[in-house]
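Structure, as structure tokens:
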Amino acid sequence: MIGTSRDGDVVTIELQREERRNALNTEQCVLLRDAVDEAVALGARAIVLTGQGSAFCAGADLSGDVYADGFTDTLLEMLHTIDSTPIPVIAAVNGPAVGAGTQLALASDLRVVAPDAHFAIPAAKLGISVDTWTVKRLVSLAGGGPARTMLLGAESLTAEEALTAGLANKIGDLATAQDWAKRIADLAPLSLRHLKMVFNDDGTQDDPTPEQLSALQAAWRSEDMDEARQARWEKRQPEFKGR
Ligand SMILES: CCCCCCCCCCCCC[C@H](O)CC(=O)SCCNC(=O)CCNC(=O)[C@H](O)C(C)(C)COP(=O)(O)OP(=O)(O)OC[C@H]1O[C@@H](n2cnc3c(N)ncnc32)[C@H](O)[C@@H]1OP(=O)(O)O
């Protein structure tokens with residue numbers, strides 16, 4: 001089960017399998033992927049992801065065969081959908097984020113973490129191999145030290161430790177994340193879209209040449225730049241139209 005709600009330009013998507021601490025199976029991954037796609041198609045300017053009840057997400061559903069009915073491929077597809085959305089995704093980590101639950105938080109752009117939440121990837125306890133993307137994203141966000149503690153040491157990271165390491169951006173609750181999302185939704189969409197592309201560039205692309213960079217800047221030039229300048233001149237909030 002997945003729940004969605006909309007407040008202006010912000011769509012909140014909630015994992016709703018509280019009885020299983022929002023564990024993910026193939027069906028949940030498909031529902032979550034489709035909910036994210038729908039929010040983007042509806043023109044949302046920011047998405048908040050959260051979990052129902054006391055946990056954010058307990059990871060892959062261990063109550064059956066974890067890798068049944070193409071779970072891994074569907075998980076990968078869902079995480080890639082979140083990672084590549086043109087709009088910012090804020091994870092409101094309302095409780096434990098374990099295994100694929102941490103991966104879900106890693107695929108988001110920003111993380112607001114509840115004080116009693118924690119991150120863990122107990123792959124080494126479960127005989128599971130962790131993929132390269134997850135290791136690289138964890139290192140890029142939390143640093144090599146905390147990443148090794150979590151993966152090689154199979155230890156969890158508390159909210160405060162995650163904030164110190166850089167994995168958490170803020171300590172707060174769902175309302176904190178939604179308020180932040182509303183402020184982000186008022187920023188220039190194309191600027192955010194370009195920043196997300198640059199942040200998520202995994203380094204396999206060659207750096208653009210100066211000519212490519214100026215062409216990219218020209219291509220990204222939008223009416224939003226004129227609106228921002230005009231709004232500043234007229235001392236009012238800009239109303240960005242770019243997508
Ligand atoms: C952009 C490109 C992306 C590329 C990505 C590539 C991906 C490639 C594929 C990677 C493959 C790896 C996938 C993934 O990492 C693997 C996993 O996720 S393994 C699962 C790891 N999860 C766990 O080990 C969590 C276990 N659970 C807990 O630690 C605790 O339950 C909790 C979450 C801390 C909550 O604790 P409590 O609140 O005390 O709750 P309980 O423990 O009492 O549980 C309540 C209830 O929920 C059931 N439950 C909990 N977790 C799960 C689960 N994972 N699956 C199923 N059910 C779960 C638990 O059994 C209880 O139910 P009850 O017994 O009461 O019926």
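Identifiers for the structure tokens are assigned positionally: chains receive A, B, ... in sequence, residues are indexed from 1 per chain, and ligands are indexed from 1 in the order shown.
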
Could you give me the residues within 6 Å of ligand 1, counting only C-alpha atoms and all ligand atoms, as number ranges by chain?
A: 19-21, 23, 58-63, 72, 76, 79-80, 83, 96, 98-100, 130-131, 133-134

Got a sec: who's within 9 Å of Leu106 of chain A, counting only C-alpha atoms, leaving out chain neighbours fewer than 2 positions off, as a ChimeraX atom specification?
/A:79,83,91,101-104,108-111,134,137-138,141,167

Selection to disk with all heavy atoms, as a CSV table (one decimal), in the first residue's frame:
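Result file out26.csv:
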```
chain,number,residue,atom,x,y,z
A,79,LEU,N,14.4,2.8,-7.4
A,79,LEU,CA,15.4,3.7,-6.9
A,79,LEU,C,16.0,4.6,-8.0
A,79,LEU,O,16.2,5.8,-7.7
A,79,LEU,CB,16.6,2.8,-6.3
A,79,LEU,CG,16.2,2.0,-5.0
A,79,LEU,CD1,17.4,1.1,-4.6
A,79,LEU,CD2,15.9,3.0,-3.8
A,83,ASP,N,16.0,8.6,-8.1
A,83,ASP,CA,17.3,9.3,-8.3
A,83,ASP,C,17.3,10.2,-9.5
A,83,ASP,O,18.0,11.2,-9.5
A,83,ASP,CB,18.3,8.1,-8.5
A,83,ASP,CG,19.7,8.6,-8.6
A,83,ASP,OD1,20.2,9.3,-7.7
A,83,ASP,OD2,20.4,8.4,-9.7
A,91,ALA,N,13.5,12.8,1.7
A,91,ALA,CA,13.1,11.7,2.5
A,91,ALA,C,12.9,12.2,3.9
A,91,ALA,O,13.8,12.7,4.5
A,91,ALA,CB,14.2,10.6,2.5
A,101,GLY,N,15.7,0.2,2.8
A,101,GLY,CA,15.2,1.5,3.4
A,101,GLY,C,16.2,2.5,3.4
A,101,GLY,O,16.0,3.7,3.1
A,102,THR,N,17.5,2.2,3.7
A,102,THR,CA,18.6,3.2,3.6
A,102,THR,C,18.8,3.5,2.1
A,102,THR,O,19.1,4.7,1.8
A,102,THR,CB,19.9,2.6,4.2
A,102,THR,OG1,19.7,2.6,5.7
A,102,THR,CG2,21.1,3.5,3.9
A,103,GLN,N,18.7,2.5,1.2
A,103,GLN,CA,18.9,2.8,-0.2
A,103,GLN,C,17.8,3.8,-0.7
A,103,GLN,O,18.1,4.7,-1.5
A,103,GLN,CB,18.8,1.5,-1.0
A,103,GLN,CG,20.0,0.6,-0.8
A,103,GLN,CD,19.9,-0.7,-1.5
A,103,GLN,OE1,19.0,-1.5,-1.1
A,103,GLN,NE2,20.6,-1.0,-2.5
A,104,LEU,N,16.6,3.6,-0.2
A,104,LEU,CA,15.5,4.6,-0.6
A,104,LEU,C,15.9,6.0,-0.1
A,104,LEU,O,15.7,6.9,-0.9
A,104,LEU,CB,14.2,4.1,0.1
A,104,LEU,CG,12.9,4.8,-0.2
A,104,LEU,CD1,12.7,4.9,-1.7
A,104,LEU,CD2,11.8,4.1,0.5
A,108,SER,N,17.0,9.5,-2.5
A,108,SER,CA,16.4,10.9,-2.4
A,108,SER,C,17.5,11.9,-2.4
A,108,SER,O,18.7,11.6,-2.2
A,108,SER,CB,15.6,10.9,-1.1
A,108,SER,OG,14.7,9.8,-1.0
A,109,ASP,N,17.1,13.2,-2.6
A,109,ASP,CA,18.1,14.2,-2.7
A,109,ASP,C,18.5,14.8,-1.4
A,109,ASP,O,19.6,15.3,-1.2
A,109,ASP,CB,17.5,15.4,-3.6
A,109,ASP,CG,17.2,14.8,-5.0
A,109,ASP,OD1,18.2,14.5,-5.7
A,109,ASP,OD2,16.0,14.7,-5.3
A,110,LEU,N,17.5,14.9,-0.4
A,110,LEU,CA,17.7,15.4,0.9
A,110,LEU,C,17.1,14.5,1.9
A,110,LEU,O,16.1,13.8,1.6
A,110,LEU,CB,17.1,16.8,1.0
A,110,LEU,CG,17.7,17.9,0.0
A,110,LEU,CD1,16.8,19.1,-0.1
A,110,LEU,CD2,19.1,18.3,0.5
A,111,ARG,N,17.6,14.6,3.2
A,111,ARG,CA,17.1,13.7,4.2
A,111,ARG,C,16.9,14.5,5.5
A,111,ARG,O,17.8,15.0,6.1
A,111,ARG,CB,18.1,12.5,4.4
A,111,ARG,CG,18.1,11.4,3.4
A,111,ARG,CD,19.4,10.7,3.2
A,111,ARG,NE,20.4,11.7,2.6
A,111,ARG,CZ,20.4,12.0,1.3
A,111,ARG,NH1,19.6,11.4,0.4
A,111,ARG,NH2,21.3,12.9,0.9
A,134,THR,N,25.1,1.8,-4.4
A,134,THR,CA,24.8,2.0,-2.9
A,134,THR,C,26.0,2.4,-2.2
A,134,THR,O,26.1,3.4,-1.4
A,134,THR,CB,24.1,0.8,-2.3
A,134,THR,OG1,22.9,0.5,-3.0
A,134,THR,CG2,23.9,1.0,-0.8
A,137,ARG,N,27.2,6.0,-3.4
A,137,ARG,CA,26.3,7.1,-2.9
A,137,ARG,C,26.5,7.3,-1.4
A,137,ARG,O,26.5,8.4,-0.9
A,137,ARG,CB,24.8,6.7,-3.2
A,137,ARG,CG,23.8,7.7,-2.9
A,137,ARG,CD,23.9,9.1,-3.5
A,137,ARG,NE,23.9,9.1,-4.9
A,137,ARG,CZ,22.8,9.3,-5.7
A,137,ARG,NH1,21.6,9.5,-5.1
A,137,ARG,NH2,22.9,9.4,-7.0
A,138,LEU,N,26.6,6.1,-0.7
A,138,LEU,CA,26.8,6.3,0.8
A,138,LEU,C,28.1,7.0,1.1
A,138,LEU,O,28.2,7.9,1.9
A,138,LEU,CB,26.8,4.9,1.4
A,138,LEU,CG,26.8,4.8,3.0
A,138,LEU,CD1,25.6,5.5,3.6
A,138,LEU,CD2,26.8,3.3,3.4
A,141,LEU,N,27.9,10.7,0.4
A,141,LEU,CA,27.1,11.5,1.3
A,141,LEU,C,27.6,11.5,2.7
A,141,LEU,O,27.6,12.5,3.4
A,141,LEU,CB,25.6,10.9,1.3
A,141,LEU,CG,24.8,11.2,0.0
A,141,LEU,CD1,23.5,10.4,0.0
A,141,LEU,CD2,24.5,12.7,-0.1
A,167,LEU,N,25.0,12.5,6.1
A,167,LEU,CA,24.0,11.6,5.5
A,167,LEU,C,22.6,12.3,5.7
A,167,LEU,O,21.7,12.2,4.9
A,167,LEU,CB,24.1,10.2,6.1
A,167,LEU,CG,23.0,9.2,5.6
A,167,LEU,CD1,23.0,9.1,4.0
A,167,LEU,CD2,23.3,7.8,6.2
```

Name all residues at most 9 Å from Ala92 of chain A (count only C-alpha atoms; drop same-chain ones fewer than 2 positions away) and give them as an MDAnalysis selection string.
chainID A and resid 48:51 56 90 94:95 105 110:114 172:178

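Reported to one decimal place, the separation of atom CA of Ile184 of chain A from atom CA of Arg33 of chain A is 21.9 Å.
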
For Ser191 of chain A, which of A:Ala97, A:Ile2, A:Val135, A:Met225 is the closest residue, counting only C-alpha atoms?
A:Met225

Using DSSP on the backbone, list every residue of segment 72-239 of chain A that comes out as strand (DSSP E), and give them as a PyMOL selection string.
chain A and resi 89-93+97-98+110-113+118-120+157-158+170-171

Gly43 of chain A surroundings by only C-alpha atoms, 10 Å radius, close-in-sequence under 4 positions cut, as a list in words
Asp9, Val10, Val11, Glu38, Ala39, Ile87 and Arg243 of chain A

DSSP alpha helix (DSSP H) selection over segment 176-217 of chain A, as a compact mmCIF listing (two decimals) with all heavy atoms, in the first residue's frame:
```
# COMPACT_ATOMS: atom_id res chain seq x y z
N THR A 176 8.65 19.06 9.29
CA THR A 176 9.91 19.75 8.95
C THR A 176 10.23 19.55 7.46
O THR A 176 10.57 20.49 6.75
CB THR A 176 11.07 19.17 9.79
OG1 THR A 176 10.70 19.11 11.16
CG2 THR A 176 12.35 19.97 9.61
N ALA A 177 10.08 18.30 7.02
CA ALA A 177 10.38 17.97 5.61
C ALA A 177 9.40 18.66 4.68
O ALA A 177 9.78 19.20 3.64
CB ALA A 177 10.34 16.45 5.42
N GLN A 178 8.12 18.66 5.05
CA GLN A 178 7.12 19.27 4.16
C GLN A 178 7.27 20.80 4.10
O GLN A 178 7.13 21.40 3.03
CB GLN A 178 5.71 18.89 4.65
CG GLN A 178 5.39 17.41 4.38
CD GLN A 178 4.09 16.95 5.02
OE1 GLN A 178 3.76 17.37 6.13
NE2 GLN A 178 3.38 16.05 4.35
N ASP A 179 7.59 21.42 5.23
CA ASP A 179 7.83 22.88 5.21
C ASP A 179 9.03 23.21 4.31
O ASP A 179 9.02 24.17 3.54
CB ASP A 179 8.10 23.40 6.63
CG ASP A 179 6.84 23.36 7.49
OD1 ASP A 179 5.73 23.21 6.90
OD2 ASP A 179 6.95 23.45 8.72
N TRP A 180 10.08 22.38 4.43
CA TRP A 180 11.27 22.60 3.60
C TRP A 180 10.94 22.41 2.12
O TRP A 180 11.32 23.19 1.25
CB TRP A 180 12.38 21.65 4.04
CG TRP A 180 13.76 22.04 3.56
CD1 TRP A 180 14.15 23.22 2.99
CD2 TRP A 180 14.95 21.24 3.64
NE1 TRP A 180 15.49 23.20 2.70
CE2 TRP A 180 16.01 22.00 3.08
CE3 TRP A 180 15.22 19.96 4.13
CZ2 TRP A 180 17.32 21.51 3.00
CZ3 TRP A 180 16.52 19.47 4.05
CH2 TRP A 180 17.56 20.23 3.50
N ALA A 181 10.13 21.39 1.85
CA ALA A 181 9.74 21.09 0.46
C ALA A 181 8.95 22.26 -0.12
O ALA A 181 9.13 22.62 -1.30
CB ALA A 181 8.91 19.81 0.41
N LYS A 182 8.10 22.89 0.70
CA LYS A 182 7.31 24.04 0.19
C LYS A 182 8.25 25.19 -0.20
O LYS A 182 8.05 25.84 -1.23
CB LYS A 182 6.32 24.52 1.26
CG LYS A 182 5.10 23.64 1.41
CD LYS A 182 4.17 24.18 2.47
CE LYS A 182 3.10 23.16 2.86
NZ LYS A 182 2.49 23.51 4.17
N ARG A 183 9.29 25.41 0.63
CA ARG A 183 10.25 26.49 0.30
C ARG A 183 11.03 26.14 -0.97
O ARG A 183 11.27 26.97 -1.83
CB ARG A 183 11.19 26.73 1.48
CG ARG A 183 10.49 27.22 2.73
CD ARG A 183 11.47 27.83 3.74
NE ARG A 183 12.44 26.86 4.21
CZ ARG A 183 12.23 26.00 5.22
NH1 ARG A 183 11.04 25.95 5.80
NH2 ARG A 183 13.17 25.16 5.63
N ILE A 184 11.41 24.87 -1.09
CA ILE A 184 12.17 24.43 -2.28
C ILE A 184 11.29 24.52 -3.52
O ILE A 184 11.75 24.89 -4.61
CB ILE A 184 12.69 22.99 -2.07
CG1 ILE A 184 13.79 22.98 -1.00
CG2 ILE A 184 13.18 22.37 -3.37
CD1 ILE A 184 14.27 21.60 -0.59
N ALA A 185 9.99 24.25 -3.35
CA ALA A 185 9.06 24.29 -4.50
C ALA A 185 8.94 25.71 -5.07
O ALA A 185 8.49 25.90 -6.20
CB ALA A 185 7.69 23.77 -4.08
N PRO A 189 12.70 25.91 -10.97
CA PRO A 189 12.73 24.47 -11.27
C PRO A 189 13.91 24.04 -12.14
O PRO A 189 14.53 23.01 -11.88
CB PRO A 189 11.41 24.22 -12.00
CG PRO A 189 10.54 25.36 -11.62
CD PRO A 189 11.44 26.52 -11.39
N LEU A 190 14.23 24.87 -13.15
CA LEU A 190 15.32 24.45 -14.05
C LEU A 190 16.66 24.50 -13.34
O LEU A 190 17.54 23.67 -13.57
CB LEU A 190 15.33 25.33 -15.30
CG LEU A 190 14.18 25.09 -16.27
CD1 LEU A 190 14.35 25.96 -17.51
CD2 LEU A 190 14.09 23.63 -16.69
N SER A 191 16.81 25.46 -12.42
CA SER A 191 18.08 25.52 -11.66
C SER A 191 18.22 24.26 -10.82
O SER A 191 19.28 23.64 -10.76
CB SER A 191 18.09 26.76 -10.75
OG SER A 191 17.90 27.93 -11.51
N LEU A 192 17.11 23.87 -10.18
CA LEU A 192 17.15 22.67 -9.32
C LEU A 192 17.38 21.43 -10.17
O LEU A 192 18.15 20.53 -9.80
CB LEU A 192 15.84 22.55 -8.53
CG LEU A 192 15.57 23.67 -7.53
CD1 LEU A 192 14.19 23.48 -6.90
CD2 LEU A 192 16.64 23.73 -6.45
N ARG A 193 16.73 21.39 -11.32
CA ARG A 193 16.86 20.21 -12.20
C ARG A 193 18.31 20.06 -12.65
O ARG A 193 18.88 18.97 -12.61
CB ARG A 193 15.95 20.43 -13.42
CG ARG A 193 15.91 19.26 -14.37
CD ARG A 193 14.83 19.51 -15.40
NE ARG A 193 14.65 18.36 -16.26
CZ ARG A 193 13.63 18.22 -17.10
NH1 ARG A 193 12.72 19.17 -17.15
NH2 ARG A 193 13.53 17.17 -17.88
N HIS A 194 18.94 21.19 -12.97
CA HIS A 194 20.34 21.14 -13.42
C HIS A 194 21.25 20.72 -12.26
O HIS A 194 22.12 19.86 -12.41
CB HIS A 194 20.74 22.51 -13.97
CG HIS A 194 22.11 22.51 -14.57
ND1 HIS A 194 22.91 23.61 -14.56
CD2 HIS A 194 22.81 21.53 -15.16
CE1 HIS A 194 24.06 23.30 -15.15
NE2 HIS A 194 24.02 22.04 -15.53
N LEU A 195 21.00 21.29 -11.08
CA LEU A 195 21.82 20.93 -9.91
C LEU A 195 21.71 19.43 -9.62
O LEU A 195 22.70 18.75 -9.34
CB LEU A 195 21.34 21.71 -8.67
CG LEU A 195 21.88 23.14 -8.55
CD1 LEU A 195 21.12 23.88 -7.46
CD2 LEU A 195 23.37 23.13 -8.25
N LYS A 196 20.48 18.91 -9.72
CA LYS A 196 20.29 17.47 -9.42
C LYS A 196 21.08 16.63 -10.42
O LYS A 196 21.72 15.64 -10.06
CB LYS A 196 18.79 17.14 -9.48
CG LYS A 196 18.51 15.71 -9.09
CD LYS A 196 17.09 15.46 -8.71
CE LYS A 196 16.92 13.94 -8.50
NZ LYS A 196 15.64 13.59 -7.90
N MET A 197 21.09 17.05 -11.69
CA MET A 197 21.87 16.33 -12.71
C MET A 197 23.35 16.31 -12.34
O MET A 197 24.01 15.29 -12.38
CB MET A 197 21.72 17.03 -14.07
CG MET A 197 20.51 16.66 -14.87
SD MET A 197 20.39 17.74 -16.32
CE MET A 197 21.95 17.42 -17.15
N VAL A 198 23.83 17.49 -11.90
CA VAL A 198 25.27 17.59 -11.58
C VAL A 198 25.60 16.77 -10.34
O VAL A 198 26.56 16.00 -10.32
CB VAL A 198 25.67 19.08 -11.39
CG1 VAL A 198 27.13 19.19 -10.94
CG2 VAL A 198 25.43 19.87 -12.66
N PHE A 199 24.75 16.90 -9.29
CA PHE A 199 25.00 16.12 -8.06
C PHE A 199 24.98 14.62 -8.34
O PHE A 199 25.77 13.86 -7.78
CB PHE A 199 23.92 16.44 -7.00
CG PHE A 199 24.25 17.62 -6.12
CD1 PHE A 199 23.38 18.70 -6.01
CD2 PHE A 199 25.43 17.66 -5.40
CE1 PHE A 199 23.68 19.77 -5.19
CE2 PHE A 199 25.74 18.75 -4.58
CZ PHE A 199 24.87 19.80 -4.48
N PRO A 210 34.76 23.79 -22.23
CA PRO A 210 34.22 25.15 -22.07
C PRO A 210 33.10 25.44 -23.08
O PRO A 210 32.08 26.02 -22.73
CB PRO A 210 35.45 26.04 -22.30
CG PRO A 210 36.62 25.18 -21.90
CD PRO A 210 36.24 23.78 -22.30
N GLU A 211 33.28 24.97 -24.31
CA GLU A 211 32.26 25.22 -25.34
C GLU A 211 30.97 24.47 -24.95
O GLU A 211 29.87 25.02 -25.01
CB GLU A 211 32.73 24.74 -26.73
CG GLU A 211 33.93 25.49 -27.30
CD GLU A 211 35.24 25.14 -26.56
OE1 GLU A 211 35.30 24.05 -25.94
OE2 GLU A 211 36.17 25.99 -26.57
N GLN A 212 31.13 23.20 -24.52
CA GLN A 212 29.93 22.43 -24.14
C GLN A 212 29.25 23.10 -22.95
O GLN A 212 28.03 23.19 -22.87
CB GLN A 212 30.33 20.99 -23.78
CG GLN A 212 30.68 20.11 -24.97
CD GLN A 212 31.29 18.77 -24.55
OE1 GLN A 212 32.05 18.71 -23.58
NE2 GLN A 212 30.98 17.72 -25.28
N LEU A 213 30.07 23.62 -22.01
CA LEU A 213 29.51 24.23 -20.81
C LEU A 213 28.70 25.47 -21.17
O LEU A 213 27.57 25.66 -20.73
CB LEU A 213 30.64 24.60 -19.84
CG LEU A 213 30.26 24.66 -18.35
CD1 LEU A 213 29.59 23.38 -17.90
CD2 LEU A 213 31.49 24.93 -17.49
N SER A 214 29.28 26.30 -22.08
CA SER A 214 28.53 27.53 -22.43
C SER A 214 27.28 27.17 -23.21
O SER A 214 26.22 27.79 -23.04
CB SER A 214 29.43 28.49 -23.23
OG SER A 214 29.89 27.84 -24.39
N ALA A 215 27.39 26.09 -24.02
CA ALA A 215 26.17 25.66 -24.76
C ALA A 215 25.12 25.17 -23.76
O ALA A 215 23.93 25.47 -23.87
CB ALA A 215 26.54 24.55 -25.73
N LEU A 216 25.59 24.45 -22.72
CA LEU A 216 24.66 23.93 -21.71
C LEU A 216 24.00 25.10 -20.97
O LEU A 216 22.79 25.12 -20.78
CB LEU A 216 25.45 23.06 -20.71
CG LEU A 216 24.63 22.17 -19.76
CD1 LEU A 216 23.87 21.12 -20.55
CD2 LEU A 216 25.55 21.51 -18.73
N GLN A 217 24.84 26.09 -20.61
CA GLN A 217 24.29 27.26 -19.90
C GLN A 217 23.26 27.96 -20.77
O GLN A 217 22.17 28.34 -20.32
CB GLN A 217 25.43 28.24 -19.54
CG GLN A 217 26.44 27.69 -18.56
CD GLN A 217 25.84 27.48 -17.17
OE1 GLN A 217 24.75 27.97 -16.87
NE2 GLN A 217 26.52 26.72 -16.34
```

Find the distance between atom CA of Glu160 of chain A and atom CA of Ile13 of chain A and write it in Å to one decimal.
24.7 Å

One decimal, Å: what's the distance from atom CA of Glu77 of chain A over to atom CA of Thr12 of chain A, could you say?
20.0 Å

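For segment 238-242 of chain A, the list of residues within 9 Å, based on only C-alpha atoms and with local chain neighbours fewer than 4 positions off taken out, reads Asp186, Leu187, Ala188, Pro189, Leu190, Ser222, Glu223, Asp224, Met225, Glu227, Ala228, Arg229, Gln230, Ala231 and Arg232 of chain A.
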
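Shortest atom-to-atom contact with Asp73 of chain A among A:Ala162, A:Ala35, A:Val93, A:Val30: A:Val30, counting only C-alpha atoms.
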
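Residue nearest Thr164 of chain A, chosen from A:Leu152, A:Ala120, A:Gly145, A:Arg236 and counting only C-alpha atoms: A:Gly145.
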